[in-house]
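S.K.: So that you have it, the file is work_25.cif, and it contains mmCIF, C-alpha atoms and all ligand atoms:
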```
data_upload
#
loop_
_atom_site.label_atom_id
_atom_site.label_comp_id
_atom_site.auth_asym_id
_atom_site.auth_seq_id
_atom_site.Cartn_x
_atom_site.Cartn_y
_atom_site.Cartn_z
CA MET N 1 -41.42 23.00 107.89
CA VAL N 2 -41.72 19.24 108.40
CA GLU N 3 -45.37 19.33 107.24
CA PHE N 4 -44.23 20.96 104.02
CA LEU N 5 -41.38 18.48 103.59
CA ARG N 6 -43.75 15.56 104.10
CA SER N 7 -45.91 16.69 101.20
CA GLY N 8 -43.00 15.84 98.86
CA VAL N 9 -42.38 12.51 100.54
CA LYS N 10 -46.02 11.48 100.22
CA LEU N 11 -45.58 11.92 96.48
CA GLY N 12 -42.65 9.51 96.54
CA ALA N 13 -39.69 11.87 96.11
CA GLU N 14 -36.14 10.67 96.82
CA LEU N 15 -34.46 14.06 96.45
CA LEU N 16 -36.00 17.32 97.58
CA VAL N 17 -34.67 20.83 96.91
CA LEU N 18 -35.88 23.80 98.99
CA PRO N 19 -35.25 27.53 98.42
CA GLU N 20 -32.35 29.70 99.59
CA LEU N 21 -32.37 30.94 103.22
CA CYS N 22 -35.47 28.87 103.92
CA ASN N 23 -35.03 29.12 107.70
CA THR N 24 -34.97 32.93 107.86
CA GLY N 25 -36.33 34.71 104.79
CA TYR N 26 -34.14 36.73 102.46
CA LYS N 27 -34.06 40.40 103.45
CA PHE N 28 -32.38 41.37 106.69
CA GLU N 29 -32.79 44.76 108.31
CA SER N 30 -30.16 44.71 111.02
CA ALA N 31 -27.14 42.83 112.24
CA ASP N 32 -29.16 41.97 115.38
CA GLU N 33 -31.79 40.29 113.28
CA LEU N 34 -29.21 38.28 111.37
CA GLU N 35 -27.46 37.26 114.58
CA ARG N 36 -30.74 36.17 116.16
CA LEU N 37 -31.87 34.08 113.18
CA ALA N 38 -28.65 32.49 111.90
CA GLU N 39 -27.79 28.97 113.03
CA GLU N 40 -24.77 26.78 113.26
CA ILE N 41 -24.35 23.97 110.74
CA PRO N 42 -24.72 21.07 111.40
CA ASN N 43 -25.65 21.70 115.04
CA GLY N 44 -28.40 24.28 114.51
CA GLU N 45 -32.11 23.63 114.89
CA THR N 46 -32.97 23.71 111.18
CA THR N 47 -30.20 21.35 110.08
CA GLU N 48 -30.98 18.97 112.94
CA GLU N 49 -34.64 18.96 111.96
CA LEU N 50 -33.71 18.31 108.34
CA ILE N 51 -31.37 15.48 109.34
CA ASN N 52 -34.11 13.79 111.41
CA PHE N 53 -36.59 14.24 108.62
CA ALA N 54 -34.23 12.83 105.96
CA GLU N 55 -33.39 9.80 108.10
CA ASP N 56 -37.07 9.07 108.92
CA ALA N 57 -38.31 9.60 105.38
CA CYS N 58 -35.30 8.04 103.68
CA ILE N 59 -34.88 11.05 101.42
CA SER N 60 -32.07 13.46 100.50
CA VAL N 61 -32.73 17.16 101.03
CA ILE N 62 -30.87 20.27 99.88
CA ALA N 63 -32.01 23.43 101.66
CA GLY N 64 -30.76 26.99 101.97
CA VAL N 65 -29.83 27.83 105.58
CA CYS N 66 -28.56 31.07 107.09
CA GLU N 67 -25.35 30.02 108.82
CA ARG N 68 -23.46 31.45 111.77
CA ASP N 69 -19.83 30.42 112.22
CA GLY N 70 -18.31 32.37 115.12
CA ASN N 71 -18.74 35.99 114.16
CA ARG N 72 -19.10 35.27 110.44
CA TYR N 73 -22.35 34.66 108.57
CA PHE N 74 -22.81 32.67 105.39
CA ASN N 75 -25.65 32.21 102.94
CA SER N 76 -25.34 28.43 102.94
CA ALA N 77 -27.07 25.26 101.84
CA VAL N 78 -27.03 21.90 103.56
CA LEU N 79 -27.22 18.47 102.02
CA VAL N 80 -28.65 15.79 104.29
CA GLY N 81 -29.70 12.27 103.41
CA PRO N 82 -30.84 8.98 104.88
CA GLU N 83 -27.21 8.63 106.07
CA GLY N 84 -27.40 11.93 108.04
CA PHE N 85 -25.53 15.18 107.45
CA ILE N 86 -23.49 15.08 104.24
CA ALA N 87 -22.24 18.57 103.41
CA ARG N 88 -22.60 22.32 103.60
CA TYR N 89 -22.01 24.70 100.71
CA ARG N 90 -21.47 28.44 101.28
CA LYS N 91 -22.67 30.76 98.49
CA ALA N 92 -19.67 32.03 96.56
CA HIS N 93 -21.24 34.91 94.63
CA LEU N 94 -23.21 37.25 96.88
CA PHE N 95 -26.00 39.31 95.31
CA ASP N 96 -26.51 43.01 96.03
CA GLU N 97 -27.17 43.72 99.76
CA GLU N 98 -26.17 40.19 100.74
CA ASN N 99 -22.68 41.74 100.61
CA ILE N 100 -23.59 43.77 103.71
CA TRP N 101 -24.51 40.75 105.80
CA PHE N 102 -22.63 37.72 104.61
CA SER N 103 -19.04 36.63 104.08
CA LYS N 104 -18.23 35.26 100.64
CA GLY N 105 -18.35 31.48 100.58
CA ASP N 106 -15.15 29.55 101.13
CA THR N 107 -16.30 26.02 100.32
CA PRO N 108 -15.28 24.30 97.07
CA PHE N 109 -17.72 23.38 94.29
CA GLN N 110 -18.06 19.74 95.18
CA VAL N 111 -20.08 16.74 94.04
CA TYR N 112 -21.71 14.34 96.50
CA GLU N 113 -23.37 10.97 96.03
CA THR N 114 -26.68 10.51 97.84
CA SER N 115 -29.83 8.46 97.16
CA GLY N 116 -27.99 6.93 94.19
CA VAL N 117 -27.31 10.23 92.37
CA LYS N 118 -24.39 12.61 92.08
CA VAL N 119 -25.42 16.11 93.09
CA GLY N 120 -23.72 19.49 93.04
CA ILE N 121 -24.99 22.59 94.83
CA MET N 122 -25.11 26.26 93.84
CA ILE N 123 -27.15 29.02 95.48
CA CYS N 124 -29.21 31.56 93.55
CA PHE N 125 -26.91 34.25 92.00
CA ASP N 126 -24.13 31.65 91.65
CA TRP N 127 -25.93 30.69 88.43
CA PHE N 128 -24.76 33.95 86.84
CA PHE N 129 -21.19 32.58 86.83
CA PRO N 130 -21.04 29.74 84.29
CA GLU N 131 -17.86 28.46 85.90
CA VAL N 132 -19.89 27.06 88.80
CA ILE N 133 -22.08 24.71 86.79
CA ARG N 134 -19.14 23.85 84.54
CA ILE N 135 -16.94 22.82 87.45
CA LEU N 136 -19.72 20.77 89.03
CA ALA N 137 -20.46 19.07 85.71
CA LEU N 138 -16.76 18.37 85.12
CA LYS N 139 -16.63 16.79 88.58
CA GLY N 140 -19.40 14.42 87.56
CA ALA N 141 -22.59 16.04 88.87
CA GLN N 142 -25.70 14.57 87.31
CA ILE N 143 -28.04 17.02 89.03
CA ILE N 144 -27.24 20.62 89.97
CA CYS N 145 -29.43 21.57 92.94
CA HIS N 146 -30.16 25.27 93.07
CA PRO N 147 -31.88 26.76 96.13
CA ALA N 148 -32.89 30.29 95.10
CA ASN N 149 -34.62 33.54 96.02
CA LEU N 150 -34.48 34.94 92.49
CA ILE N 151 -35.22 38.60 91.84
CA LEU N 152 -33.82 39.28 88.35
CA PRO N 153 -35.87 37.92 85.43
CA TYR N 154 -33.19 35.97 83.53
CA CYS N 155 -32.40 32.79 85.38
CA GLN N 156 -35.18 30.38 84.50
CA THR N 157 -34.60 30.88 80.76
CA ALA N 158 -30.81 31.09 80.97
CA LEU N 159 -30.54 27.78 82.81
CA LEU N 160 -32.04 25.95 79.83
CA GLY N 161 -28.83 26.81 78.01
CA ALA N 162 -26.67 25.86 80.97
CA ALA N 163 -28.37 22.45 81.21
CA VAL N 164 -27.66 21.57 77.58
CA GLN N 165 -24.19 23.14 77.53
CA ASN N 166 -23.20 20.92 80.45
CA ARG N 167 -25.58 18.02 79.83
CA VAL N 168 -26.90 18.01 83.38
CA PHE N 169 -30.23 18.23 85.17
CA ILE N 170 -30.77 21.52 87.00
CA ILE N 171 -33.36 21.83 89.76
CA THR N 172 -34.11 25.43 90.76
CA ALA N 173 -36.26 25.79 93.89
CA ASN N 174 -37.27 29.43 93.96
CA ARG N 175 -39.34 31.58 96.27
CA VAL N 176 -42.69 33.17 95.45
CA GLY N 177 -44.32 36.33 96.77
CA PHE N 178 -42.97 39.48 98.43
CA GLU N 179 -40.75 40.20 101.40
CA ARG N 180 -40.01 43.72 102.65
CA GLY N 181 -40.51 45.25 99.21
CA ILE N 182 -38.74 42.55 97.19
CA GLU N 183 -40.68 40.37 94.74
CA PHE N 184 -39.40 36.88 93.99
CA THR N 185 -39.92 35.41 90.54
CA GLY N 186 -41.25 31.93 91.43
CA MET N 187 -41.35 29.53 88.49
CA SER N 188 -39.25 26.87 90.15
CA GLN N 189 -38.22 24.38 87.52
CA ILE N 190 -36.51 21.13 86.65
CA VAL N 191 -34.61 21.11 83.36
CA ASN N 192 -33.14 17.99 81.77
CA PRO N 193 -29.83 17.68 79.85
CA MET N 194 -31.69 18.23 76.55
CA MET N 195 -32.86 21.63 77.86
CA GLU N 196 -36.44 20.48 78.25
CA VAL N 197 -38.40 21.92 81.17
CA ILE N 198 -39.83 18.77 82.77
CA ALA N 199 -41.50 20.58 85.66
CA ARG N 200 -42.26 24.23 86.29
CA SER N 201 -44.26 25.93 89.03
CA GLY N 202 -46.32 29.07 88.73
CA ARG N 203 -45.17 32.59 89.52
CA SER N 204 -46.99 33.20 92.76
CA GLU N 205 -48.30 30.04 94.46
CA GLU N 206 -46.27 27.66 96.64
CA GLU N 207 -46.16 24.24 94.97
CA VAL N 208 -44.43 20.88 95.29
CA LYS N 209 -43.61 19.19 91.98
CA VAL N 210 -42.30 15.65 91.67
CA VAL N 211 -40.91 14.11 88.49
CA ASP N 212 -39.22 10.83 87.66
CA ILE N 213 -35.86 11.25 86.00
CA GLU N 214 -33.09 9.00 84.73
CA PRO N 215 -29.97 10.65 86.25
CA SER N 216 -27.59 8.62 84.05
CA LEU N 217 -28.77 10.69 81.04
CA ALA N 218 -26.35 13.29 82.36
CA ASP N 219 -23.41 10.91 82.08
CA SER N 220 -23.27 10.95 78.29
CA LYS N 221 -21.53 14.04 76.98
CA ARG N 222 -21.73 12.94 73.36
CA ILE N 223 -23.26 15.56 71.06
CA THR N 224 -22.72 14.05 67.59
CA ARG N 225 -20.71 11.12 66.28
CA TYR N 226 -17.70 13.46 66.10
CA ASN N 227 -18.36 15.67 69.12
CA ASP N 228 -17.99 15.02 72.80
CA LEU N 229 -18.57 17.87 75.22
CA TRP N 230 -15.55 17.06 77.35
CA SER N 231 -12.95 15.85 74.88
CA ASP N 232 -13.73 18.71 72.44
CA ARG N 233 -12.91 21.34 75.05
CA ARG N 234 -9.99 23.57 74.02
CA VAL N 235 -8.42 24.03 77.42
CA ASP N 236 -5.24 25.17 75.66
CA LEU N 237 -7.19 28.32 74.64
CA TYR N 238 -9.16 28.85 77.84
CA HIS N 239 -6.50 30.16 80.21
CA PRO N 240 -7.77 33.80 80.17
CA ILE N 241 -10.77 32.79 82.25
CA LEU N 242 -8.39 32.17 85.12
CA GLU N 243 -7.20 35.80 85.04
CA ARG N 244 -8.90 38.33 87.30
CA SER N 245 -8.86 41.47 85.14
CA CYS N 246 -10.66 41.98 81.81
CA GLU N 247 -7.45 43.50 80.44
CA ALA N 248 -5.79 40.11 80.74
CA GLN N 249 -8.45 38.61 78.51
CA LYS N 250 -7.72 40.74 75.46
C1 LIG A 301 -30.08 36.04 94.87
O1 LIG A 301 -28.94 35.63 94.68
N1 LIG A 301 -30.80 35.65 95.90
C2 LIG A 301 -30.70 36.96 93.92
#
```
In structure tokens, what does this structure look like?
Ligand code: ACM
M.R.:
Amino acid sequence: MVEFLRSGVKLGAELLVLPELCNTGYKFESADELERLAEEIPNGETTEELINFAEDACISVIAGVCERDGNRYFNSAVLVGPEGFIARYRKAHLFDEENIWFSKGDTPFQVYETSGVKVGIMICFDWFFPEVIRILALKGAQIICHPANLILPYCQTALLGAAVQNRVFIITANRVGFERGIEFTGMSQIVNPMMEVIARSGRSEEEVKVVDIEPSLADSKRITRYNDLWSDRRVDLYHPILERSCEAQK
């Protein structure tokens, strides 16, 4: 893994995003397999390796890690930086058979400052729930980091809308290829707050892409002279989204 990480550093990156479950692969076949492969955070081998790497290379890294916590398992991501371990995020919205293996995440949607930028984390299918990006943007995230093993075909296009609707950068690091009958959609991408795709990988080859960005572009929420994304919000009309049932939203 370190070899792969170093390829980004050689290109001068300060923030690196890796895919979901990058220490195990995505599809589990048994509880034994999950138990054998999952690791503690931050004391597991993968997180320790990432911490050492981030400190040596003076870089921040967000990577999907399969987490064991006692007898519970989480589809998690770690954030490490030159200052060491910073945070773990546990995927809130589990996709399909992940519900067999993992507990639903219990960590808040939080923003962290590292390498001079404010980052928020979501994992793969979390993108389907616009509340996640909205909360992270409201909390001041400039870049949403999105480790993924995407299977459905919608995300890469849909996140263009999410980027402009929240005026944030979104970095999706997706898997390529097949695993146990599942095909991943590749096309990792970086989208800016004007919904421009400023980097995109191919569908099937592993690639490292590096771009220069100006994170402060995400700080302005002004749309026109008379429109500001935050102050125009009609929170007085939004309360139904806090209700659980669809009935309550009529
Ligand atoms: C997914 O959430 N990995 C599809």
S.K.: Kindly indicate which residue among N:Val235, N:Ala148, N:Leu5, N:Ile100 lies nearest to Ala31 (chain N), using all atoms listed in the file for the distances.
M.R.: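 Closest residue, counting all atoms listed in the file: N:Ile100.
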S.K.: Sort by chain and increasing residue number a table of all residues of chain N within 6 Å of ligand LIG 301 (chain A), each with its closest pair of atoms and their distance in Å to one decimal, counting only C-alpha atoms and all ligand atoms, and write it as JSON lines.
M.R.:
```
{"residue": "N:Phe95", "atom": "CA", "partner": "A:LIG301", "partner_atom": "O1", "distance": 4.8}
{"residue": "N:Cys124", "atom": "CA", "partner": "A:LIG301", "partner_atom": "O1", "distance": 4.2}
{"residue": "N:Phe125", "atom": "CA", "partner": "A:LIG301", "partner_atom": "O1", "distance": 3.6}
{"residue": "N:Ala148", "atom": "CA", "partner": "A:LIG301", "partner_atom": "N1", "distance": 5.8}
{"residue": "N:Asn149", "atom": "CA", "partner": "A:LIG301", "partner_atom": "N1", "distance": 4.4}
{"residue": "N:Leu150", "atom": "CA", "partner": "A:LIG301", "partner_atom": "C2", "distance": 4.5}
{"residue": "N:Ile151", "atom": "CA", "partner": "A:LIG301", "partner_atom": "C2", "distance": 5.2}
```
S.K.: Do you know which residues are at most 6 Å from region 102-106 of chain N counting all atoms listed in the file, after dropping those on the same chain fewer than 2 positions away, and could you put them as JSON, numbers by chain?
M.R.: {"N": [73, 74, 90, 91, 92, 98, 99]}
S.K.: List the residues sitting within 12 Å of (-15.3, 16.7, 76.0) in the file's frame, using only C-alpha atoms, as a VMD selection string.
M.R.: chain N and resid 134 137 to 138 165 to 167 219 to 224 226 to 235
S.K.: Suppose you want the space between CA of Glu45 (chain N) and CA of Tyr89 (chain N); what is it in Å?
M.R.: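 Interatomic distance, CA of Glu45 (chain N) to CA of Tyr89 (chain N): 17.4 Å.
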S.K.: Asn174 (chain N): which residues within 8 Å, counting only C-alpha atoms, same-chain residues fewer than 6 positions away excluded, as a list in words?
M.R.: Leu18, Pro19, Glu20, Pro147, Ala148, Asn149, Leu150, Phe184, Thr185, Gly186, Met187 and Ser188 of chain N
S.K.: Kindly give the distance, in Å, that separates CA of Tyr238 (chain N) and CA of Pro193 (chain N), rounded to a single decimal.
M.R.: 23.6 Å
S.K.: Tell me, in Å to one decimal, how far CA of Lys27 (chain N) is from CA of Trp101 (chain N).
M.R.: 9.8 Å
S.K.: Would you please work out which residue, of N:Cys155, N:Ala13, N:Pro130, N:Gln142, is nearest to Ile241 (chain N) when using all atoms listed in the file?
M.R.: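 Among the listed residues, the smallest separation from Ile241 (chain N) belongs to N:Pro130.
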S.K.: May I ask which of the residues N:Arg225, N:Gly177, N:Leu217, N:Thr157 is the closest one to Val197 (chain N), counting all atoms listed in the file?
M.R.: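 Of the candidates, the smallest distance to Val197 (chain N) is held by N:Thr157.
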S.K.: What's the 9 Å shell around Trp127 (chain N), counting all atoms listed in the file, without same-chain residues fewer than 6 positions away, as a ChimeraX atom specification?
M.R.: /N:93,133,146,155,158-159,162
S.K.: Let me make sure I understand: among N:Gly64, N:Gly25, N:His239, N:Pro215, which one has the smallest atom-to-atom distance to Ala173 (chain N) if we use all atoms listed in the file?
M.R.: N:Gly64
S.K.: Give me the residues within 8 Å of region 48-62 of chain N as a list in words, counting all atoms listed in the file and dropping any in the same chain fewer than 2 places off.
M.R.: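 The residues satisfying every condition are Val2, Val9, Ala13, Glu14, Leu15, Leu16, Val17, Leu18, Pro42, Asn43, Gly44, Glu45, Thr46, Gly64, Ala77, Val78, Leu79, Val80, Gly81, Pro82, Glu83, Gly84, Phe85, Thr114, Ser115, Cys145 and Pro147 of chain N.
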S.K.: Compile the contact shell of Gly120 (chain N) as a VMD selection string: residues with an atom at most 6 Å away, counting all atoms listed in the file, same-chain residues fewer than 6 positions apart removed.
M.R.: chain N and resid 111 136 141 144
S.K.: Using only C-alpha atoms, can you tell me which of N:Ile121, N:Lys10, N:Pro153, N:Arg68 comes closest to Leu37 (chain N)?
M.R.: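 Of N:Ile121, N:Lys10, N:Pro153, N:Arg68, the one nearest Leu37 (chain N), counting only C-alpha atoms, is N:Arg68.
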S.K.: Calculated over all atoms listed in the file, which of the candidates N:Val168, N:Tyr154, N:Pro108, N:Arg175 has the smallest distance to Glu207 (chain N)?
M.R.: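 Smallest distance to Glu207 (chain N) is found for N:Arg175.
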